[in-house]
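Engineer: File final-v2.tsv follows (TSV, C-alpha atoms):
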```
chain	number	residue	atom	x	y	z
A	1	MET	CA	125.76	-55.89	-55.26
A	2	LEU	CA	125.69	-55.17	-58.96
A	3	ASN	CA	128.85	-54.81	-61.10
A	4	LYS	CA	129.44	-51.59	-62.97
A	5	GLY	CA	128.62	-53.32	-66.19
A	6	GLY	CA	125.02	-53.63	-65.12
A	7	GLY	CA	124.85	-57.45	-65.06
A	8	GLY	CA	124.05	-59.53	-62.04
A	9	PHE	CA	126.36	-61.79	-60.16
A	10	LEU	CA	126.01	-64.29	-62.97
A	11	GLY	CA	125.25	-61.69	-65.56
A	12	GLY	CA	126.89	-61.26	-68.94
A	13	GLY	CA	126.44	-58.14	-71.04
A	14	GLY	CA	128.92	-55.34	-71.29
A	15	GLY	CA	130.56	-55.72	-67.87
A	16	GLY	CA	130.54	-59.49	-67.71
A	17	GLY	CA	130.24	-61.54	-64.53
A	18	VAL	CA	132.72	-63.90	-62.96
A	19	TRP	CA	132.70	-65.71	-66.20
A	20	GLY	CA	133.61	-62.64	-68.34
A	21	ASN	CA	136.80	-62.01	-70.41
A	22	GLN	CA	138.82	-60.40	-67.55
A	23	HIS	CA	142.15	-61.62	-66.16
A	24	PRO	CA	141.77	-64.32	-63.54
A	25	THR	CA	143.53	-62.19	-60.88
A	26	THR	CA	141.31	-59.20	-61.55
A	27	GLN	CA	138.30	-61.43	-61.50
A	28	LYS	CA	139.37	-62.86	-58.14
A	29	LYS	CA	139.88	-59.42	-56.59
A	30	LYS	CA	136.58	-58.17	-57.81
A	31	LYS	CA	134.92	-61.28	-56.53
A	32	LYS	CA	136.23	-60.54	-53.03
A	33	LYS	CA	135.08	-56.97	-53.24
A	34	CYS	CA	131.68	-58.03	-54.32
A	35	ILE	CA	131.27	-60.50	-51.43
A	36	LYS	CA	132.41	-57.86	-48.92
A	37	GLY	CA	129.79	-55.47	-50.23
A	38	LYS	CA	127.11	-58.12	-49.82
A	39	LYS	CA	128.00	-58.50	-46.12
A	40	ASN	CA	127.65	-54.75	-45.53
A	41	PHE	CA	124.23	-54.80	-47.20
A	42	TRP	CA	122.79	-57.32	-44.66
A	43	VAL	CA	124.63	-56.15	-41.52
A	44	TRP	CA	123.25	-52.59	-41.39
A	45	PRO	CA	119.54	-53.47	-41.74
A	46	PHE	CA	119.97	-56.18	-39.11
A	47	PHE	CA	121.70	-53.68	-36.81
A	48	PHE	CA	118.82	-51.16	-37.09
A	49	PHE	CA	116.21	-53.90	-36.77
A	50	PHE	CA	117.85	-55.20	-33.58
A	51	PHE	CA	117.83	-51.81	-31.84
A	52	PHE	CA	114.31	-51.06	-32.98
A	53	PHE	CA	113.09	-54.41	-31.62
A	54	PHE	CA	114.97	-53.90	-28.33
A	55	PHE	CA	113.47	-50.45	-27.62
A	56	TRP	CA	109.97	-51.56	-28.70
A	57	THR	CA	110.10	-54.59	-26.38
A	58	GLU	CA	111.27	-52.53	-23.41
A	59	LYS	CA	108.57	-49.95	-23.99
A	60	LYS	CA	105.90	-52.63	-24.13
A	61	LYS	CA	107.15	-54.22	-20.90
A	62	LYS	CA	106.98	-50.88	-19.05
A	63	LYS	CA	103.47	-50.21	-20.35
A	64	LYS	CA	102.29	-53.67	-19.31
A	65	LYS	CA	103.84	-53.28	-15.84
A	66	LYS	CA	102.22	-49.88	-15.35
A	67	LYS	CA	98.81	-51.23	-16.40
A	68	LYS	CA	99.15	-54.16	-13.99
A	69	GLU	CA	100.01	-51.88	-11.06
A	70	LYS	CA	97.08	-49.59	-11.88
A	71	LYS	CA	94.69	-52.53	-11.96
A	72	LYS	CA	96.06	-53.84	-8.67
A	73	ASN	CA	95.52	-50.52	-6.88
A	74	LYS	CA	92.08	-49.91	-8.35
A	75	ARG	CA	89.16	-50.28	-5.90
A	76	PRO	CA	86.24	-52.45	-7.07
A	77	LYS	CA	83.13	-50.51	-8.06
A	78	THR	CA	79.50	-51.45	-8.27
A	79	ASN	CA	78.58	-52.48	-11.78
A	80	THR	CA	75.21	-51.05	-12.77
A	81	LYS	CA	75.12	-52.20	-16.40
A	82	GLY	CA	73.48	-55.56	-15.93
A	83	LYS	CA	76.65	-57.50	-15.12
A	84	LYS	CA	77.42	-59.18	-11.81
A	85	LYS	CA	77.66	-56.65	-9.01
A	86	LYS	CA	80.91	-56.27	-7.14
A	87	PHE	CA	80.16	-55.25	-3.58
A	88	SER	CA	82.03	-52.45	-1.88
A	89	THR	CA	85.62	-53.09	-0.88
A	90	THR	CA	86.62	-54.41	2.51
A	91	LEU	CA	87.16	-51.74	5.15
A	92	LYS	CA	89.14	-51.19	8.32
A	93	THR	CA	86.52	-49.26	10.31
A	94	ILE	CA	82.75	-48.94	10.46
A	95	ASP	CA	80.45	-45.94	10.66
A	96	LYS	CA	80.01	-44.81	14.28
A	97	ASN	CA	76.22	-44.37	14.28
A	98	ILE	CA	74.99	-47.88	15.12
A	99	ARG	CA	71.29	-48.77	14.86
A	100	SER	CA	71.22	-52.59	14.82
A	101	ILE	CA	73.46	-55.62	15.45
A	102	PHE	CA	72.82	-59.25	14.48
A	103	GLN	CA	74.78	-62.53	14.35
A	104	ASP	CA	73.68	-65.05	11.70
A	105	LYS	CA	73.77	-68.87	11.78
A	106	ASN	CA	77.27	-68.91	10.30
A	107	GLY	CA	78.62	-66.64	13.01
A	108	ASN	CA	78.89	-63.53	10.83
A	109	TYR	CA	78.08	-60.22	12.49
A	110	TRP	CA	75.84	-57.73	10.70
A	111	ILE	CA	75.96	-54.11	11.85
A	112	GLY	CA	73.29	-51.67	10.66
A	113	THR	CA	73.97	-47.95	10.68
A	114	ASN	CA	71.94	-44.76	10.54
A	115	GLY	CA	73.14	-43.71	7.10
A	116	ALA	CA	76.06	-45.85	5.89
A	117	GLY	CA	74.16	-49.04	5.08
A	118	VAL	CA	75.09	-52.34	6.73
A	119	TYR	CA	78.42	-54.05	7.44
A	120	ARG	CA	79.22	-57.76	7.54
A	121	TYR	CA	82.10	-58.91	9.75
A	122	ASP	CA	83.27	-62.55	9.53
A	123	ALA	CA	86.06	-62.16	12.14
A	124	LYS	CA	88.55	-61.52	9.32
A	125	THR	CA	87.13	-58.98	6.90
A	126	LEU	CA	84.66	-56.12	7.12
A	127	THR	CA	82.43	-55.59	4.08
A	128	GLN	CA	80.01	-52.71	3.52
A	129	PHE	CA	76.69	-52.88	1.63
A	130	THR	CA	74.74	-49.76	0.63
A	131	VAL	CA	71.94	-48.68	-1.71
A	132	LYS	CA	74.47	-49.04	-4.54
A	133	ASP	CA	74.45	-52.77	-3.83
A	134	GLY	CA	70.65	-53.01	-3.72
A	135	LEU	CA	69.65	-51.95	-0.18
A	136	ALA	CA	66.29	-50.19	0.07
A	137	ASP	CA	67.84	-47.52	2.30
A	138	ASN	CA	71.20	-46.76	3.91
A	139	GLN	CA	69.51	-46.62	7.31
A	140	VAL	CA	69.23	-50.18	8.68
A	141	ILE	CA	67.39	-50.44	12.01
A	142	ASN	CA	66.36	-54.11	11.95
A	143	ILE	CA	68.17	-57.30	10.84
A	144	GLN	CA	66.86	-60.87	10.89
A	145	GLU	CA	67.44	-64.25	9.24
A	146	ASP	CA	64.94	-66.70	7.75
A	147	ASP	CA	65.00	-70.53	7.75
A	148	LEU	CA	66.88	-70.60	4.45
A	149	GLY	CA	69.70	-68.41	5.70
A	150	ASN	CA	68.63	-65.26	3.86
A	151	ILE	CA	69.43	-62.03	5.74
A	152	TRP	CA	66.68	-59.41	5.86
A	153	PHE	CA	67.09	-55.67	6.49
A	154	GLY	CA	64.43	-53.16	7.58
A	155	SER	CA	64.88	-49.40	7.40
A	156	GLY	CA	63.41	-46.40	9.22
A	157	THR	CA	61.65	-45.45	5.98
A	158	PHE	CA	59.96	-48.89	6.09
A	159	GLY	CA	61.94	-50.33	3.20
A	160	ILE	CA	62.75	-54.06	3.18
A	161	SER	CA	65.70	-55.79	1.50
A	162	LYS	CA	66.91	-59.40	1.34
A	163	PHE	CA	70.47	-60.76	0.91
A	164	ASP	CA	70.60	-64.34	-0.41
A	165	GLY	CA	74.36	-64.68	-0.16
A	166	LYS	CA	74.98	-63.34	-3.66
A	167	LYS	CA	72.80	-60.32	-4.26
A	168	ILE	CA	70.52	-57.87	-2.45
A	169	THR	CA	66.95	-57.31	-3.62
A	170	THR	CA	64.30	-54.86	-2.40
A	171	LEU	CA	60.82	-56.25	-1.77
A	172	THR	CA	58.80	-53.22	-0.71
A	173	ASN	CA	58.07	-52.32	-4.33
A	174	LYS	CA	55.92	-55.47	-4.55
A	175	VAL	CA	53.57	-55.15	-1.57
A	176	LYS	CA	50.10	-56.66	-1.35
A	177	ILE	CA	47.57	-54.63	0.63
A	178	PRO	CA	44.66	-56.76	1.94
A	179	ASN	CA	41.77	-55.42	3.98
A	180	GLY	CA	43.35	-56.31	7.34
A	181	THR	CA	40.67	-58.79	8.43
A	182	GLU	CA	41.28	-61.40	11.13
A	183	ILE	CA	41.63	-64.14	8.49
A	184	GLU	CA	44.31	-62.17	6.68
A	185	TRP	CA	46.21	-61.66	9.95
A	186	GLN	CA	46.57	-65.41	10.53
A	187	SER	CA	50.23	-66.36	10.35
A	188	LYS	CA	52.69	-69.23	10.63
A	189	ASN	CA	55.64	-69.71	12.98
A	190	ASN	CA	58.23	-69.01	10.30
A	191	ASP	CA	56.63	-65.78	9.06
A	192	LEU	CA	58.79	-62.67	9.12
A	193	TRP	CA	57.47	-59.37	10.47
A	194	PHE	CA	58.71	-55.88	9.59
A	195	TYR	CA	57.98	-52.30	10.62
A	196	ALA	CA	55.49	-50.25	8.56
A	197	GLY	CA	53.98	-46.76	8.69
A	198	GLY	CA	50.49	-47.72	9.83
A	199	GLY	CA	50.88	-51.36	10.83
A	200	VAL	CA	53.26	-54.16	9.86
A	201	PHE	CA	54.63	-56.00	6.87
A	202	ARG	CA	54.45	-59.79	6.97
A	203	TYR	CA	56.47	-62.02	4.66
A	204	SER	CA	54.77	-65.37	4.22
A	205	ASN	CA	54.71	-67.93	1.40
A	206	SER	CA	57.08	-65.83	-0.73
A	207	SER	CA	54.73	-62.86	-0.53
A	208	LEU	CA	55.01	-59.52	1.29
A	209	GLU	CA	51.74	-58.18	2.70
A	210	TYR	CA	50.90	-54.96	4.47
A	211	LEU	CA	48.57	-55.37	7.48
A	212	PRO	CA	47.28	-52.01	8.80
A	213	PHE	CA	46.03	-51.76	12.38
A	214	ASP	CA	43.36	-49.34	11.18
A	215	PRO	CA	42.07	-50.90	7.91
A	216	SER	CA	39.88	-47.89	7.12
A	217	SER	CA	42.95	-45.64	6.92
A	218	SER	CA	44.69	-47.63	4.17
A	219	ASN	CA	42.20	-47.02	1.34
A	220	SER	CA	44.35	-49.42	-0.69
A	221	GLN	CA	46.87	-46.65	-1.33
A	222	MET	CA	50.38	-47.95	-1.99
A	223	ASN	CA	52.08	-45.07	-0.18
A	224	THR	CA	50.24	-45.66	3.11
A	225	PRO	CA	52.66	-48.33	4.44
A	226	PHE	CA	55.47	-45.82	4.07
A	227	SER	CA	53.70	-42.87	5.70
A	228	LEU	CA	54.09	-42.73	9.48
A	229	SER	CA	50.89	-42.60	11.52
A	230	ARG	CA	50.01	-43.16	15.18
A	231	TYR	CA	49.92	-46.88	14.37
A	232	GLY	CA	53.41	-46.95	12.88
A	233	VAL	CA	55.48	-49.85	14.25
A	234	TYR	CA	59.04	-49.40	15.57
A	235	SER	CA	59.61	-52.64	17.49
A	236	ILE	CA	58.51	-56.28	17.11
A	237	LEU	CA	58.88	-59.32	19.38
A	238	LYS	CA	57.85	-62.99	19.10
A	239	ASP	CA	57.44	-64.43	22.60
A	240	LYS	CA	57.88	-68.03	23.74
A	241	LYS	CA	54.14	-68.73	23.47
A	242	GLY	CA	54.01	-67.67	19.82
A	243	ASN	CA	52.41	-64.27	20.39
A	244	VAL	CA	53.70	-61.37	18.29
A	245	TRP	CA	54.08	-57.99	20.01
A	246	PHE	CA	54.24	-54.62	18.27
A	247	GLY	CA	55.46	-51.31	19.72
A	248	THR	CA	53.80	-48.35	18.00
A	249	GLN	CA	54.43	-44.68	17.42
A	250	ALA	CA	51.67	-43.38	19.70
A	251	GLU	CA	49.16	-46.18	20.43
A	252	GLY	CA	51.15	-48.18	22.97
A	253	VAL	CA	51.73	-51.92	22.49
A	254	CYS	CA	49.66	-54.41	20.51
A	255	ARG	CA	49.66	-58.20	21.01
A	256	TYR	CA	48.60	-60.61	18.26
A	257	ASP	CA	47.88	-64.13	19.59
A	258	GLY	CA	47.10	-65.68	16.22
A	259	LYS	CA	43.41	-64.76	16.40
A	260	THR	CA	42.87	-61.31	17.85
A	261	LEU	CA	44.66	-58.02	18.51
A	262	THR	CA	44.90	-56.78	22.12
A	263	TRP	CA	46.07	-53.26	22.97
A	264	PHE	CA	48.03	-52.06	26.04
A	265	LYS	CA	47.84	-48.29	26.48
A	266	GLU	CA	47.45	-47.58	30.18
A	267	LYS	CA	49.86	-46.00	32.67
A	268	GLY	CA	51.42	-43.73	30.07
A	269	LEU	CA	52.42	-46.46	27.62
A	270	SER	CA	50.61	-44.76	24.74
A	271	GLY	CA	51.74	-41.32	23.60
A	272	PRO	CA	55.51	-41.48	23.08
A	273	ALA	CA	56.87	-44.19	20.78
A	274	VAL	CA	57.56	-47.71	22.06
A	275	LEU	CA	61.02	-48.48	20.69
A	276	GLY	CA	62.04	-51.56	22.68
A	277	LEU	CA	60.35	-54.91	23.37
A	278	PHE	CA	61.95	-57.82	25.24
A	279	GLU	CA	61.01	-61.09	26.98
A	280	ASP	CA	63.27	-62.23	29.84
A	281	THR	CA	64.05	-65.80	30.91
A	282	LYS	CA	61.27	-65.66	33.53
A	283	GLY	CA	58.64	-64.82	30.91
A	284	ASN	CA	58.22	-61.16	31.85
A	285	LEU	CA	57.65	-58.72	28.98
A	286	TRP	CA	59.54	-55.41	29.04
A	287	PHE	CA	58.47	-52.37	27.02
A	288	GLY	CA	60.74	-49.40	26.39
A	289	ASN	CA	58.98	-46.07	25.86
A	290	ASN	CA	60.72	-42.93	24.58
A	291	GLY	CA	59.47	-40.59	27.32
A	292	ALA	CA	57.40	-42.64	29.76
A	293	GLY	CA	60.25	-45.03	30.48
A	294	LEU	CA	60.40	-48.76	31.21
A	295	PHE	CA	57.31	-50.98	31.61
A	296	ARG	CA	57.01	-54.58	32.83
A	297	TYR	CA	54.14	-56.96	32.05
A	298	ASN	CA	54.08	-60.27	33.98
A	299	GLY	CA	51.18	-61.76	32.05
A	300	LYS	CA	48.55	-60.20	34.30
A	301	THR	CA	49.66	-56.76	35.44
A	302	LEU	CA	51.30	-53.87	33.60
A	303	THR	CA	53.71	-51.82	35.74
A	304	ASN	CA	55.40	-48.53	34.95
A	305	PHE	CA	58.81	-49.54	36.28
A	306	THR	CA	60.33	-46.08	35.80
A	307	GLU	CA	57.67	-44.34	37.92
A	308	GLU	CA	57.85	-47.09	40.52
A	309	LYS	CA	61.59	-46.40	40.94
A	310	GLY	CA	61.19	-42.61	40.76
A	311	LEU	CA	63.37	-42.27	37.65
A	312	ASN	CA	61.02	-40.44	35.31
A	313	ASN	CA	61.96	-37.21	33.54
A	314	ALA	CA	59.13	-34.67	33.70
A	315	ASP	CA	61.30	-32.07	31.95
A	316	PHE	CA	61.54	-34.20	28.82
A	317	ARG	CA	57.79	-34.67	28.61
A	318	ALA	CA	57.37	-30.90	28.94
A	319	SER	CA	60.27	-29.48	26.97
A	320	GLY	CA	62.28	-32.34	25.49
A	321	LYS	CA	65.19	-31.73	27.87
A	322	PRO	CA	67.43	-34.83	28.36
A	323	GLY	CA	68.28	-36.00	31.85
A	324	LEU	CA	71.23	-37.95	33.24
A	325	GLY	CA	70.25	-40.24	36.07
A	326	THR	CA	66.79	-40.87	34.61
A	327	LEU	CA	65.17	-43.92	33.03
A	328	ALA	CA	62.64	-42.17	30.82
A	329	ARG	CA	63.84	-42.45	27.23
A	330	VAL	CA	64.31	-46.19	26.67
A	331	TYR	CA	65.51	-47.42	23.28
A	332	SER	CA	66.67	-50.99	23.90
A	333	ILE	CA	66.43	-53.87	26.41
A	334	ASN	CA	68.29	-57.17	26.83
A	335	GLU	CA	69.41	-59.74	29.42
A	336	ASP	CA	72.82	-61.21	30.21
A	337	ASN	CA	73.59	-64.84	31.12
A	338	ASN	CA	73.31	-64.03	34.82
A	339	GLY	CA	69.71	-62.85	34.51
A	340	ASN	CA	70.49	-59.14	34.77
A	341	ILE	CA	68.26	-56.86	32.69
A	342	TRP	CA	70.14	-54.19	30.72
A	343	VAL	CA	68.29	-51.08	29.56
A	344	GLY	CA	69.73	-48.63	27.04
A	345	THR	CA	68.57	-45.02	27.07
A	346	VAL	CA	69.19	-42.29	24.53
A	347	ASP	CA	70.30	-39.69	27.11
A	348	ALA	CA	71.32	-41.41	30.35
A	349	GLY	CA	73.58	-44.29	29.39
A	350	VAL	CA	72.81	-47.89	30.43
A	351	TRP	CA	70.95	-49.26	33.44
A	352	LYS	CA	71.44	-52.76	34.92
A	353	TYR	CA	68.71	-54.35	37.01
A	354	ASP	CA	69.66	-57.49	38.97
A	355	GLY	CA	66.17	-58.12	40.32
A	356	ASN	CA	66.68	-55.90	43.36
A	357	ASN	CA	69.03	-53.05	42.58
A	358	LEU	CA	69.51	-50.67	39.68
A	359	THR	CA	72.97	-49.54	38.57
A	360	ASN	CA	73.56	-46.72	36.08
A	361	TYR	CA	76.58	-46.71	33.74
A	362	THR	CA	77.59	-43.66	31.71
A	363	THR	CA	80.63	-42.26	29.91
A	364	LYS	CA	82.27	-42.06	33.34
A	365	ASN	CA	82.33	-45.87	33.31
A	366	GLY	CA	83.88	-46.16	29.87
A	367	LEU	CA	80.86	-45.85	27.62
A	368	THR	CA	81.76	-43.91	24.48
A	369	SER	CA	78.30	-42.29	24.52
A	370	ASN	CA	75.29	-41.94	26.82
A	371	ALA	CA	73.01	-42.53	23.84
A	372	ILE	CA	72.46	-46.27	23.40
A	373	ASN	CA	70.47	-47.24	20.30
A	374	THR	CA	70.65	-51.02	20.60
A	375	ILE	CA	71.78	-53.83	22.92
A	376	TYR	CA	72.47	-57.23	21.35
A	377	LYS	CA	73.50	-60.56	22.90
A	378	ASP	CA	75.60	-62.77	20.62
A	379	LYS	CA	75.92	-66.56	20.57
A	380	ASN	CA	78.69	-66.40	23.18
A	381	GLY	CA	76.42	-64.54	25.57
A	382	GLU	CA	78.33	-61.29	25.22
A	383	LEU	CA	76.41	-58.00	25.12
A	384	TRP	CA	77.09	-55.47	22.37
A	385	PHE	CA	76.05	-51.86	22.98
A	386	GLY	CA	75.52	-49.84	19.79
A	387	THR	CA	75.75	-46.10	20.40
A	388	ASP	CA	74.65	-42.98	18.61
A	389	ASN	CA	77.73	-41.62	16.74
A	390	ASN	CA	80.28	-43.34	18.99
A	391	GLY	CA	80.54	-46.92	17.78
A	392	ILE	CA	80.16	-50.15	19.75
A	393	CYS	CA	81.01	-50.94	23.39
A	394	LYS	CA	81.28	-54.16	25.41
A	395	PHE	CA	81.11	-54.68	29.17
A	396	ASN	CA	84.03	-56.53	30.78
A	397	GLY	CA	82.35	-57.03	34.15
A	398	THR	CA	83.51	-53.77	35.66
A	399	SER	CA	83.58	-51.12	32.97
A	400	PHE	CA	82.87	-50.58	29.29
A	401	ILE	CA	85.47	-50.72	26.54
A	402	GLU	CA	85.15	-49.62	22.94
A	403	LEU	CA	85.08	-52.46	20.41
A	404	ILE	CA	87.52	-51.86	17.56
A	405	ILE	CA	86.99	-53.97	14.46
A	406	ASP	CA	90.15	-54.37	12.37
```
Let me see the structure of the file written as structure tokens.

Structural biologist:
Amino acid sequence: MLNKGGGGFLGGGGGGGVWGNQHPTTQKKKKKKCIKGKKNFWVWPFFFFFFFFFFWTEKKKKKKKKKKEKKKNKRPKTNTKGKKKKFSTTLKTIDKNIRSIFQDKNGNYWIGTNGAGVYRYDAKTLTQFTVKDGLADNQVINIQEDDLGNIWFGSGTFGISKFDGKKITTLTNKVKIPNGTEIEWQSKNNDLWFYAGGGVFRYSNSSLEYLPFDPSSSNSQMNTPFSLSRYGVYSILKDKKGNVWFGTQAEGVCRYDGKTLTWFKEKGLSGPAVLGLFEDTKGNLWFGNNGAGLFRYNGKTLTNFTEEKGLNNADFRASGKPGLGTLARVYSINEDNNGNIWVGTVDAGVWKYDGNNLTNYTTKNGLTSNAINTIYKDKNGELWFGTDNNGICKFNGTSFIELIID
């Protein structure tokens, strides 16, 4: 603090400092006063600075805490700006409209739906993948795995996608269309086959080719594989002998033995779509037709099993009317570890054939729906029944129970 004389603490001039011409007592008193004033000068700024710093720090802590909580509660979104994609968050439940079920080499279950993409369940978490993550379509009706562990998805619109463990890519935008000659049909054991609008897609040697059953109809047009015709394929099976079987929209069943194509159309097999193909442990081939029912081929003779058992539905063929107690609209076929054949229909529940007798199970026996889209046997030998709009069921030996994934 300055003295009234205008000099500094050590100043001279008119007022003089400590060393001026004043009386020693006066000088001493003024010295004390001066020191006291100095203390007041530094205390007040420090006081204001302390409170300012305190409130600023508290405010910053609250803001940081709020930001952290917001980030914690935020659901991950798909990044579409060229950065790594974050797949959809884990879920508690799946969509109820089930179209396909598959268990991969690592034991993970893949569940394809009619419009909600595909789910992966590793016994702990349920993860959903959709078109936002790279799928060709949110309808997934076929799932398979190649020798390298890649998971492949086929859709009802004939789109094909591949999951390599990190990302999903769509391959149907890079399709080769050959002329469909016998040489071009030749395949290898590890080739993958997929549904197409007028034939099939085959993935071989890192290339996806479209092989039409009627080469003259393709005219090398890129949209032909995705346009449904009478030759459109809805089911594919590789048998134990290496033959590949194809169920078509309206031309029955075709067998490719590595050299030639052989067609099976008799006894009502052609007309309605063939949606299910299966080979049992005895080597019999079973064909599921959406209208004409269940067929069995023993290598020599083709039998209309539904007509033989008197379980056809003439009303459906005439007017489209569904029928409980019939075996006419077959969507899926499988076999349990006891050799029983299980047949899923879209309007009459499930049928079990033990080699002699047929037993029909419906919602009265615990099924959540009488419309069964798919039947899948996992590595434990358990059968999974995927329904239309009512989730998944399992059979406990007596009745069906709904499978809840959580």

Engineer: Would you compute the distance between CA of Asp95 (chain A) and CA of Pro322 (chain A)? Give it in Å to one decimal.

Structural biologist: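 CA of Asp95 (chain A) sits 24.6 Å away from CA of Pro322 (chain A).
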
Engineer: List as a PyMOL selection string the protein and nucleic acid residues near Gly247 (chain A), meaning an atom at most 8 Å away when only C-alpha atoms are counted, but skip any in the same chain fewer than 3 places from it.

Structural biologist: chain A and resi 233-236+252-254+273-277+287

Engineer: Write the residues of the selection above to a file with C-alpha atoms, as an mmCIF file, keeping the file's coordinate frame.

Structural biologist:
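New file selection.cif:
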```cif
data_model
loop_
_atom_site.group_PDB
_atom_site.id
_atom_site.type_symbol
_atom_site.label_atom_id
_atom_site.label_comp_id
_atom_site.auth_asym_id
_atom_site.auth_seq_id
_atom_site.Cartn_x
_atom_site.Cartn_y
_atom_site.Cartn_z
ATOM 1 C CA VAL A 233 55.480 -49.850 14.250
ATOM 2 C CA TYR A 234 59.040 -49.400 15.570
ATOM 3 C CA SER A 235 59.610 -52.640 17.490
ATOM 4 C CA ILE A 236 58.510 -56.280 17.110
ATOM 5 C CA GLY A 252 51.150 -48.180 22.970
ATOM 6 C CA VAL A 253 51.730 -51.920 22.490
ATOM 7 C CA CYS A 254 49.660 -54.410 20.510
ATOM 8 C CA ALA A 273 56.870 -44.190 20.780
ATOM 9 C CA VAL A 274 57.560 -47.710 22.060
ATOM 10 C CA LEU A 275 61.020 -48.480 20.690
ATOM 11 C CA GLY A 276 62.040 -51.560 22.680
ATOM 12 C CA LEU A 277 60.350 -54.910 23.370
ATOM 13 C CA PHE A 287 58.470 -52.370 27.020
#
```

Engineer: Could you tell me how far CA of Asn114 (chain A) lies from CA of Phe213 (chain A), in Å and to one decimal?

Structural biologist: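 About the pair CA of Asn114 (chain A) and CA of Phe213 (chain A): they are 26.9 Å apart.
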
Engineer: Need the neighbours of (73.6, -50.7, 33.7): which residues are at most 9 Å away, counting only C-alpha atoms, as a list in words?

Structural biologist: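 The residues near that point, listed by chain and number, are Ile341, Trp342, Val343, Gly344, Gly349, Val350, Trp351, Lys352, Tyr353, Leu358, Thr359, Asn360, Tyr361 and Thr362 of chain A.
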
Engineer: What is the distance, in Å and to one decimal place, between CA of Glu251 (chain A) and CA of Phe316 (chain A)?

Structural biologist: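 Answer for the CA of Glu251 (chain A) to CA of Phe316 (chain A) separation: 19.2 Å.
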
Engineer: Tell me which protein, DNA and RNA residues are within 7 Å of Asn142 (chain A), counting all atoms listed in the file, leaving out same-chain ones fewer than 3 positions away, and put them as a PyMOL selection string.

Structural biologist: chain A and resi 100+153-155

Engineer: Could you give me the centre and size, in Å to one decimal, of an axis-aligned box around all listed atoms of region 151-166 of chain A with 8 Å added on every side, as AutoDock Vina command-line options?

Structural biologist:
```
--center_x 67.5 --center_y -55.1 --center_z 2.8 --size_x 31.0 --size_y 35.2 --size_z 28.9
```

Engineer: Select, from A:Asp191, A:Asp104, A:Glu279, A:Asp378, the residue with the minimum atom-to-atom distance to Ile143 (chain A), counting all atoms listed in the file.

Structural biologist: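 Checking each candidate against Ile143 (chain A), we get A:Asp104 as the closest.
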
Engineer: Counting all atoms listed in the file, which of A:Gly386, A:Lys321, A:Ala314, A:Leu269 gets nearest to Leu302 (chain A)?

Structural biologist: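 Among the listed residues, the smallest separation from Leu302 (chain A) belongs to A:Leu269.
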
Engineer: Give the answer as one residue: which of A:Gln249, A:Asn108, A:Thr387, A:Thr170 has the shortest atom-to-atom distance to Gly199 (chain A), using all atoms listed in the file?

Structural biologist: A:Gln249

Engineer: Which residue out of A:Lys167, A:Asn340, A:Thr303, A:Tyr121 has the minimum interatomic distance to Asn357 (chain A) when only C-alpha atoms are used?

Structural biologist: A:Asn340

Engineer: Using only C-alpha atoms, which residues sit within 10 Å of Pro225 (chain A) once same-chain residues fewer than 4 positions away are excluded, as JSON, numbers by chain?

Structural biologist: {"A": [157, 158, 159, 172, 175, 177, 195, 196, 197, 198, 199, 200, 201, 210, 211, 212, 218, 220, 221, 229, 232]}

Engineer: Of the candidates A:Trp110, A:Gly291, A:Ala116, A:Ile401, which shows the shortest atom-to-atom distance to Lys96 (chain A), using only C-alpha atoms?

Structural biologist: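 That would be A:Ala116, the residue with the smallest distance to Lys96 (chain A).
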
Engineer: When you count all atoms listed in the file, which of these residues is closest to Asp146 (chain A): A:Asn289, A:Asn298, A:Asn189, A:Thr169?

Structural biologist: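 Looking at the shortest contact to Asp146 (chain A), the residue is A:Asn189.
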